[in-house]
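Engineer: Shown below is the structure under consideration.
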Amino acid sequence: MARIDEKEEFSSWLVALQSGTLTEMQLDTLQQLVDDGKAANLEEAARYLDWQDSVIDPTEHFYGH
């Protein structure tokens, strides 16, 4: 997802992966989750990041509230 000072590029890693709109750096992020054993494949990694985004409010987490 986007950093706090950036406009959000997409709302779902999985949808962006399936539609082929991820950048090379974003694909590398998914691949790193696979390489680290946190996901079995890129689709699972995308689901994991979507889940993380739904659980953690980035703004709230950033400010520690």
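Just so we're on the same page: first chain in the structure tokens is A, next is B, and so on; residues restart at 1 for each chain, and ligands are numbered from 1 in the order they show up.
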Mind checking which residues fall within 8 Å of region 40-50 of chain A, counting only C-alpha atoms, ignoring those fewer than 2 positions away in the same chain, and posting them as a list in words?
Structural biologist: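 Counting only C-alpha atoms, the residues come to Ser12, Trp13, Leu14, Leu17, Leu30, Gln31, Leu33, Val34, Gly37, Lys38, Gln52, Asp53 and Ser54 of chain A.
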Engineer: How far is it from CA of Asp36 (chain A) to CA of Val15 (chain A), in Å with one decimal?
Structural biologist: 22.3 Å
Engineer: Calculate how many Å separate CA of Ser19 (chain A) from CA of Trp51 (chain A), rounding to one decimal.
Structural biologist: 18.6 Å
Engineer: What separation in Å, quoted to one decimal, exists between CA of Gln32 (chain A) and CA of Phe10 (chain A)?
Structural biologist: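 Computing the Euclidean distance for CA of Gln32 (chain A) and CA of Phe10 (chain A) yields 19.6 Å.
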